[in-house]
>>> print(open('work38.pdb').read())   # PDB, N, CA and C atoms
ATOM      1  N   ALA A  26     118.681-108.026  -4.479
ATOM      2  CA  ALA A  26     120.028-107.850  -3.972
ATOM      3  C   ALA A  26     120.951-107.377  -5.101
ATOM      4  N   MET A  27     120.784-107.911  -6.286
ATOM      5  CA  MET A  27     121.651-107.525  -7.397
ATOM      6  C   MET A  27     121.437-106.053  -7.750
ATOM      7  N   LYS A  28     120.176-105.624  -7.753
ATOM      8  CA  LYS A  28     119.873-104.241  -8.065
ATOM      9  C   LYS A  28     120.498-103.314  -7.021
ATOM     10  N   ARG A  29     120.450-103.685  -5.770
ATOM     11  CA  ARG A  29     121.041-102.899  -4.695
ATOM     12  C   ARG A  29     122.566-102.821  -4.858
ATOM     13  N   ALA A  30     123.188-103.928  -5.229
ATOM     14  CA  ALA A  30     124.637-103.951  -5.432
ATOM     15  C   ALA A  30     125.036-103.065  -6.607
ATOM     16  N   ILE A  31     124.288-103.125  -7.682
ATOM     17  CA  ILE A  31     124.589-102.293  -8.845
ATOM     18  C   ILE A  31     124.417-100.819  -8.498
ATOM     19  N   LYS A  32     123.353-100.503  -7.708
ATOM     20  CA  LYS A  32     123.124 -99.120  -7.306
ATOM     21  C   LYS A  32     124.266 -98.614  -6.437
ATOM     22  N   SER A  33     124.773 -99.455  -5.555
ATOM     23  CA  SER A  33     125.831 -99.051  -4.631
ATOM     24  C   SER A  33     127.205 -98.988  -5.295
ATOM     25  N   PHE A  34     127.493 -99.939  -6.151
ATOM     26  CA  PHE A  34     128.836-100.060  -6.696
ATOM     27  C   PHE A  34     128.918 -99.858  -8.205
ATOM     28  N   GLY A  35     127.822 -99.540  -8.838
ATOM     29  CA  GLY A  35     127.784 -99.451 -10.298
ATOM     30  C   GLY A  35     128.718 -98.422 -10.898
ATOM     31  N   ASP A  36     128.868 -97.252 -10.237
ATOM     32  CA  ASP A  36     129.735 -96.212 -10.781
ATOM     33  C   ASP A  36     131.186 -96.667 -10.868
ATOM     34  N   GLN A  37     131.605 -97.522  -9.954
ATOM     35  CA  GLN A  37     132.980 -98.011  -9.983
ATOM     36  C   GLN A  37     133.233 -98.866 -11.219
ATOM     37  N   PHE A  38     132.185 -99.434 -11.762
ATOM     38  CA  PHE A  38     132.316-100.288 -12.949
ATOM     39  C   PHE A  38     131.837 -99.587 -14.213
ATOM     40  N   GLY A  39     131.633 -98.282 -14.122
ATOM     41  CA  GLY A  39     131.217 -97.517 -15.290
ATOM     42  C   GLY A  39     129.728 -97.593 -15.569
ATOM     43  N   LEU A  40     128.957 -98.018 -14.591
ATOM     44  CA  LEU A  40     127.516 -98.126 -14.770
ATOM     45  C   LEU A  40     126.833 -96.963 -14.070
ATOM     46  N   CYS A  41     126.349 -96.032 -14.814
ATOM     47  CA  CYS A  41     125.663 -94.880 -14.232
ATOM     48  C   CYS A  41     124.159 -95.050 -14.397
ATOM     49  N   LEU A  42     123.661 -96.164 -13.931
ATOM     50  CA  LEU A  42     122.262 -96.507 -14.136
ATOM     51  C   LEU A  42     121.295 -95.567 -13.433
ATOM     52  N   TYR A  43     121.705 -95.039 -12.286
ATOM     53  CA  TYR A  43     120.786 -94.245 -11.485
ATOM     54  C   TYR A  43     121.135 -92.764 -11.481
ATOM     55  N   ASP A  44     122.063 -92.371 -12.297
ATOM     56  CA  ASP A  44     122.451 -90.970 -12.392
ATOM     57  C   ASP A  44     121.704 -90.341 -13.560
ATOM     58  N   LYS A  45     120.720 -89.522 -13.240
ATOM     59  CA  LYS A  45     119.880 -88.911 -14.282
ATOM     60  C   LYS A  45     120.641 -87.861 -15.100
ATOM     61  N   THR A  46     121.739 -87.322 -14.537
ATOM     62  CA  THR A  46     122.474 -86.280 -15.239
ATOM     63  C   THR A  46     123.620 -86.837 -16.085
ATOM     64  N   TYR A  47     123.868 -88.140 -16.000
ATOM     65  CA  TYR A  47     124.985 -88.742 -16.735
ATOM     66  C   TYR A  47     124.736 -88.682 -18.231
ATOM     67  N   LYS A  48     125.743 -88.186 -18.934
ATOM     68  CA  LYS A  48     125.674 -88.139 -20.397
ATOM     69  C   LYS A  48     127.027 -88.621 -20.922
ATOM     70  N   PRO A  49     127.062 -89.756 -21.603
ATOM     71  CA  PRO A  49     128.347 -90.233 -22.110
ATOM     72  C   PRO A  49     128.923 -89.266 -23.143
ATOM     73  N   GLU A  50     130.238 -89.132 -23.119
ATOM     74  CA  GLU A  50     130.900 -88.254 -24.089
ATOM     75  C   GLU A  50     130.948 -88.928 -25.449
ATOM     76  N   SER A  51     130.861 -88.115 -26.459
ATOM     77  CA  SER A  51     131.000 -88.640 -27.815
ATOM     78  C   SER A  51     132.424 -88.365 -28.286
ATOM     79  N   PRO A  52     132.897 -89.120 -29.257
ATOM     80  CA  PRO A  52     134.240 -88.873 -29.779
ATOM     81  C   PRO A  52     134.424 -87.450 -30.310
ATOM     82  N   SER A  53     133.388 -86.909 -30.938
ATOM     83  CA  SER A  53     133.522 -85.560 -31.500
ATOM     84  C   SER A  53     133.610 -84.507 -30.396
ATOM     85  N   GLU A  54     132.873 -84.693 -29.284
ATOM     86  CA  GLU A  54     132.962 -83.754 -28.162
ATOM     87  C   GLU A  54     134.352 -83.804 -27.536
ATOM     88  N   THR A  55     134.877 -85.008 -27.365
ATOM     89  CA  THR A  55     136.202 -85.176 -26.779
ATOM     90  C   THR A  55     137.270 -84.561 -27.670
ATOM     91  N   ALA A  56     137.174 -84.778 -28.978
ATOM     92  CA  ALA A  56     138.141 -84.205 -29.919
ATOM     93  C   ALA A  56     138.075 -82.680 -29.896
ATOM     94  N   ALA A  57     136.873 -82.124 -29.812
ATOM     95  CA  ALA A  57     136.722 -80.666 -29.765
ATOM     96  C   ALA A  57     137.347 -80.105 -28.486
ATOM     97  N   GLU A  58     137.143 -80.791 -27.357
ATOM     98  CA  GLU A  58     137.761 -80.369 -26.101
ATOM     99  C   GLU A  58     139.282 -80.422 -26.212
ATOM    100  N   ASN A  59     139.802 -81.475 -26.816
ATOM    101  CA  ASN A  59     141.249 -81.599 -27.005
ATOM    102  C   ASN A  59     141.783 -80.459 -27.868
ATOM    103  N   ALA A  60     141.065 -80.112 -28.928
ATOM    104  CA  ALA A  60     141.493 -79.023 -29.809
ATOM    105  C   ALA A  60     141.495 -77.691 -29.056
ATOM    106  N   ARG A  61     140.452 -77.446 -28.262
ATOM    107  CA  ARG A  61     140.404 -76.214 -27.464
ATOM    108  C   ARG A  61     141.581 -76.158 -26.487
ATOM    109  N   TYR A  62     141.860 -77.295 -25.862
ATOM    110  CA  TYR A  62     142.987 -77.372 -24.934
ATOM    111  C   TYR A  62     144.297 -77.047 -25.658
ATOM    112  N   GLY A  63     144.468 -77.591 -26.846
ATOM    113  CA  GLY A  63     145.670 -77.316 -27.626
ATOM    114  C   GLY A  63     145.804 -75.848 -27.966
ATOM    115  N   MET A  64     144.712 -75.234 -28.394
ATOM    116  CA  MET A  64     144.751 -73.817 -28.763
ATOM    117  C   MET A  64     144.973 -72.942 -27.532
ATOM    118  N   ASP A  65     144.399 -73.338 -26.395
ATOM    119  CA  ASP A  65     144.611 -72.589 -25.152
ATOM    120  C   ASP A  65     146.065 -72.669 -24.691
ATOM    121  N   ASN A  66     146.775 -73.680 -25.146
ATOM    122  CA  ASN A  66     148.163 -73.877 -24.743
ATOM    123  C   ASN A  66     149.161 -73.578 -25.855
ATOM    124  N   GLY A  67     148.773 -72.726 -26.788
ATOM    125  CA  GLY A  67     149.718 -72.191 -27.750
ATOM    126  C   GLY A  67     149.783 -72.840 -29.120
ATOM    127  N   LEU A  68     148.959 -73.833 -29.398
ATOM    128  CA  LEU A  68     148.968 -74.430 -30.731
ATOM    129  C   LEU A  68     148.009 -73.658 -31.641
ATOM    130  N   SER A  69     148.408 -73.473 -32.868
ATOM    131  CA  SER A  69     147.541 -72.788 -33.831
ATOM    132  C   SER A  69     146.602 -73.802 -34.490
ATOM    133  N   LYS A  70     145.598 -73.277 -35.156
ATOM    134  CA  LYS A  70     144.669 -74.139 -35.883
ATOM    135  C   LYS A  70     145.410 -74.936 -36.955
ATOM    136  N   GLU A  71     146.361 -74.295 -37.608
ATOM    137  CA  GLU A  71     147.140 -74.965 -38.649
ATOM    138  C   GLU A  71     147.960 -76.123 -38.067
ATOM    139  N   GLU A  72     148.513 -75.920 -36.867
ATOM    140  CA  GLU A  72     149.278 -76.988 -36.222
ATOM    141  C   GLU A  72     148.380 -78.174 -35.869
ATOM    142  N   LEU A  73     147.160 -77.878 -35.428
ATOM    143  CA  LEU A  73     146.219 -78.954 -35.112
ATOM    144  C   LEU A  73     145.834 -79.739 -36.365
ATOM    145  N   VAL A  74     145.620 -79.023 -37.470
ATOM    146  CA  VAL A  74     145.289 -79.684 -38.738
ATOM    147  C   VAL A  74     146.466 -80.544 -39.196
ATOM    148  N   ASP A  75     147.684 -80.021 -39.033
ATOM    149  CA  ASP A  75     148.878 -80.793 -39.403
ATOM    150  C   ASP A  75     148.986 -82.075 -38.575
ATOM    151  N   ILE A  76     148.681 -81.979 -37.277
ATOM    152  CA  ILE A  76     148.710 -83.164 -36.412
ATOM    153  C   ILE A  76     147.740 -84.214 -36.943
ATOM    154  N   CYS A  77     146.558 -83.770 -37.306
ATOM    155  CA  CYS A  77     145.552 -84.705 -37.836
ATOM    156  C   CYS A  77     146.014 -85.328 -39.154
ATOM    157  N   ARG A  78     146.467 -84.488 -40.061
ATOM    158  CA  ARG A  78     146.885 -84.976 -41.379
ATOM    159  C   ARG A  78     148.068 -85.941 -41.259
ATOM    160  N   ASP A  79     149.056 -85.584 -40.444
ATOM    161  CA  ASP A  79     150.259 -86.414 -40.302
ATOM    162  C   ASP A  79     149.983 -87.759 -39.640
ATOM    163  N   ASN A  80     148.886 -87.846 -38.888
ATOM    164  CA  ASN A  80     148.582 -89.075 -38.153
ATOM    165  C   ASN A  80     147.315 -89.765 -38.633
ATOM    166  N   ASN A  81     146.876 -89.396 -39.838
ATOM    167  CA  ASN A  81     145.719 -90.028 -40.470
ATOM    168  C   ASN A  81     144.459 -89.966 -39.592
ATOM    169  N   LEU A  82     144.229 -88.782 -39.019
ATOM    170  CA  LEU A  82     143.034 -88.549 -38.214
ATOM    171  C   LEU A  82     142.116 -87.581 -38.960
ATOM    172  N   PRO A  83     140.827 -87.580 -38.638
ATOM    173  CA  PRO A  83     139.909 -86.650 -39.305
ATOM    174  C   PRO A  83     140.336 -85.194 -39.104
ATOM    175  N   ALA A  84     140.046 -84.358 -40.067
ATOM    176  CA  ALA A  84     140.459 -82.955 -40.022
ATOM    177  C   ALA A  84     139.567 -82.103 -39.120
ATOM    178  N   THR A  85     138.334 -82.530 -38.892
ATOM    179  CA  THR A  85     137.434 -81.775 -38.017
ATOM    180  C   THR A  85     136.929 -82.683 -36.905
ATOM    181  N   SER A  86     136.635 -82.069 -35.750
ATOM    182  CA  SER A  86     136.224 -82.860 -34.588
ATOM    183  C   SER A  86     134.927 -83.626 -34.831
ATOM    184  N   SER A  87     134.045 -83.100 -35.662
ATOM    185  CA  SER A  87     132.769 -83.785 -35.908
ATOM    186  C   SER A  87     132.947 -85.095 -36.672
ATOM    187  N   GLN A  88     134.129 -85.287 -37.288
ATOM    188  CA  GLN A  88     134.371 -86.510 -38.059
ATOM    189  C   GLN A  88     135.003 -87.635 -37.239
ATOM    190  N   PHE A  89     135.350 -87.372 -35.970
ATOM    191  CA  PHE A  89     135.909 -88.421 -35.128
ATOM    192  C   PHE A  89     134.805 -89.427 -34.810
ATOM    193  N   LYS A  90     135.085 -90.703 -35.067
ATOM    194  CA  LYS A  90     134.055 -91.740 -34.910
ATOM    195  C   LYS A  90     134.263 -92.631 -33.688
ATOM    196  N   THR A  91     135.496 -92.717 -33.183
ATOM    197  CA  THR A  91     135.745 -93.589 -32.036
ATOM    198  C   THR A  91     136.458 -92.811 -30.939
ATOM    199  N   MET A  92     136.293 -93.267 -29.699
ATOM    200  CA  MET A  92     136.985 -92.639 -28.579
ATOM    201  C   MET A  92     138.488 -92.875 -28.695
ATOM    202  N   ALA A  93     138.896 -93.972 -29.333
ATOM    203  CA  ALA A  93     140.327 -94.238 -29.520
ATOM    204  C   ALA A  93     140.958 -93.147 -30.388
ATOM    205  N   GLN A  94     140.253 -92.709 -31.429
ATOM    206  CA  GLN A  94     140.758 -91.623 -32.271
ATOM    207  C   GLN A  94     140.889 -90.343 -31.449
ATOM    208  N   ALA A  95     139.857 -90.042 -30.673
ATOM    209  CA  ALA A  95     139.872 -88.822 -29.861
ATOM    210  C   ALA A  95     140.990 -88.869 -28.821
ATOM    211  N   ALA A  96     141.199 -90.026 -28.205
ATOM    212  CA  ALA A  96     142.260 -90.173 -27.206
ATOM    213  C   ALA A  96     143.629 -90.025 -27.858
ATOM    214  N   SER A  97     143.800 -90.605 -29.028
ATOM    215  CA  SER A  97     145.054 -90.488 -29.760
ATOM    216  C   SER A  97     145.341 -89.031 -30.100
ATOM    217  N   PHE A  98     144.317 -88.319 -30.529
ATOM    218  CA  PHE A  98     144.426 -86.896 -30.843
ATOM    219  C   PHE A  98     144.872 -86.123 -29.604
ATOM    220  N   GLY A  99     144.274 -86.437 -28.460
ATOM    221  CA  GLY A  99     144.650 -85.783 -27.206
ATOM    222  C   GLY A  99     146.108 -86.033 -26.847
ATOM    223  N   ASP A 100     146.558 -87.273 -27.017
ATOM    224  CA  ASP A 100     147.962 -87.613 -26.729
ATOM    225  C   ASP A 100     148.908 -86.865 -27.655
ATOM    226  N   LEU A 101     148.539 -86.768 -28.923
ATOM    227  CA  LEU A 101     149.370 -86.054 -29.891
ATOM    228  C   LEU A 101     149.439 -84.561 -29.584
ATOM    229  N   ILE A 102     148.344 -84.000 -29.115
ATOM    230  CA  ILE A 102     148.323 -82.585 -28.739
ATOM    231  C   ILE A 102     149.240 -82.351 -27.544
ATOM    232  N   GLU A 103     149.155 -83.241 -26.547
ATOM    233  CA  GLU A 103     150.038 -83.138 -25.374
ATOM    234  C   GLU A 103     151.505 -83.162 -25.811
ATOM    235  N   ALA A 104     151.845 -84.077 -26.710
ATOM    236  CA  ALA A 104     153.223 -84.190 -27.193
ATOM    237  C   ALA A 104     153.645 -82.925 -27.939
ATOM    238  N   ALA A 105     152.755 -82.367 -28.743
ATOM    239  CA  ALA A 105     153.080 -81.155 -29.496
ATOM    240  C   ALA A 105     153.275 -79.963 -28.565
ATOM    241  N   ILE A 106     152.441 -79.848 -27.531
ATOM    242  CA  ILE A 106     152.590 -78.763 -26.556
ATOM    243  C   ILE A 106     153.927 -78.899 -25.835
ATOM    244  N   SER A 107     154.239 -80.124 -25.446
ATOM    245  CA  SER A 107     155.498 -80.374 -24.745
ATOM    246  C   SER A 107     156.698 -80.039 -25.628
ATOM    247  N   ALA A 108     156.660 -80.471 -26.872
ATOM    248  CA  ALA A 108     157.756 -80.197 -27.802
ATOM    249  C   ALA A 108     157.906 -78.697 -28.047
ATOM    250  N   LYS A 109     156.782 -78.003 -28.170
ATOM    251  CA  LYS A 109     156.822 -76.573 -28.423
ATOM    252  C   LYS A 109     157.392 -75.821 -27.218
ATOM    253  N   SER A 110     157.011 -76.236 -26.014
ATOM    254  CA  SER A 110     157.516 -75.559 -24.821
ATOM    255  C   SER A 110     159.012 -75.816 -24.632
ATOM    256  N   LYS A 111     159.485 -77.004 -25.009
ATOM    257  CA  LYS A 111     160.935 -77.299 -24.924
ATOM    258  C   LYS A 111     161.713 -76.494 -25.949
ATOM    259  N   ALA A 112     161.117 -76.285 -27.120
ATOM    260  CA  ALA A 112     161.794 -75.516 -28.174
ATOM    261  C   ALA A 112     161.937 -74.047 -27.780
ATOM    262  N   ILE A 113     160.950 -73.551 -27.038
ATOM    263  CA  ILE A 113     160.973 -72.146 -26.623
ATOM    264  C   ILE A 113     161.975 -71.950 -25.495
ATOM    265  N   ALA A 114     162.073 -72.948 -24.612
ATOM    266  CA  ALA A 114     162.954 -72.805 -23.424
ATOM    267  C   ALA A 114     164.405 -72.898 -23.742
TER     268      ALA A 114
END
>>> encode(input="work38.pdb", output="structure tokens")
Amino acid sequence: AMKRAIKSFGDQFGLCLYDKTYKPESPSETAAENARYGMDNGLSKEELVDICRDNNLPATSSQFKTMAQAASFGDLIEAAISAKSKAIA
């Protein structure tokens, strides 16, 4: 019964036990996606490096070790995009 319950409701609790295609994201993959998103939305590579340096984050996506770092980087990129768009308007 427990196995059946986990199979039915496991995804809601973050358990992808029966999903053969599930691959957890790594912090470096998430940071790289965030950087691409930033560049696609008008931030330069230098601006991204400045964000990292100013907030004591790794300079390259491969150096991100925790999802908290990657999430923080994503939030900072969102804020920078927002600030840049307000400055232009």
>>> atom_distance(input="work38.pdb", atom1="CA of Asn81 (chain A)", atom2="CA of Ala95 (chain A)")
12.2 Å
>>> atom_distance(input="work38.pdb", atom1="CA of Ser110 (chain A)", atom2="CA of Ala56 (chain A)")
21.8 Å
>>> atom_distance(input="work38.pdb", atom1="atom N of Ala108 (chain A)", atom2="atom C of Ser87 (chain A)")
26.1 Å
>>> residues_around(input="work38.pdb", residues="Glu58 (chain A)", least_positions_apart="6", cutoff="8 Å", atoms="all atoms listed in the file", output="JSON, numbers by chain")
{"A": [52, 64, 86, 99]}
>>> write_last_selection(input="work38.pdb", atoms="N, CA and C atoms", output="mmCIF file, in the coordinates of the input")
data_model
loop_
_atom_site.group_PDB
_atom_site.id
_atom_site.type_symbol
_atom_site.label_atom_id
_atom_site.label_comp_id
_atom_site.auth_asym_id
_atom_site.auth_seq_id
_atom_site.Cartn_x
_atom_site.Cartn_y
_atom_site.Cartn_z
ATOM 1 N N PRO A 52 132.897 -89.120 -29.257
ATOM 2 C CA PRO A 52 134.240 -88.873 -29.779
ATOM 3 C C PRO A 52 134.424 -87.450 -30.310
ATOM 4 N N MET A 64 144.712 -75.234 -28.394
ATOM 5 C CA MET A 64 144.751 -73.817 -28.763
ATOM 6 C C MET A 64 144.973 -72.942 -27.532
ATOM 7 N N SER A 86 136.635 -82.069 -35.750
ATOM 8 C CA SER A 86 136.224 -82.860 -34.588
ATOM 9 C C SER A 86 134.927 -83.626 -34.831
ATOM 10 N N GLY A 99 144.274 -86.437 -28.460
ATOM 11 C CA GLY A 99 144.650 -85.783 -27.206
ATOM 12 C C GLY A 99 146.108 -86.033 -26.847
#
>>> residues_near_point(input="work38.pdb", point="(143.3, -75.9, -31.3)", cutoff="7 Å", atoms="only C-alpha atoms", output="list in words")
Ala60, Arg61, Tyr62, Gly63, Met64, Leu68, Ser69, Lys70 and Leu73 of chain A
>>> axis_aligned_box(input="work38.pdb", around="region 57-72 of chain A", padding_each_side="3 Å", output="lines of an AutoDock Vina configuration file")
center_x = 143.3
center_y = -77.2
center_z = -31.7
size_x = 19.1
size_y = 15.9
size_z = 20.0
>>> residues_around(input="work38.pdb", residues="Gln94 (chain A)", least_positions_apart="2", cutoff="12 Å", atoms="only C-alpha atoms", output="list in words")
Ser51, Pro52, Ser53, Glu54, Thr55, Ala56, Ala57, Asn59, Cys77, Asn80, Asn81, Leu82, Pro83, Ala84, Thr85, Ser86, Ser87, Gln88, Phe89, Lys90, Thr91, Met92, Ala96, Ser97, Phe98, Gly99, Asp100 and Leu101 of chain A
>>> closest_residue(input="work38.pdb", among="A:Ala93, A:Thr46, A:Val74, A:Asn66", to="Ser107 (chain A)", atoms="only C-alpha atoms")
A:Asn66
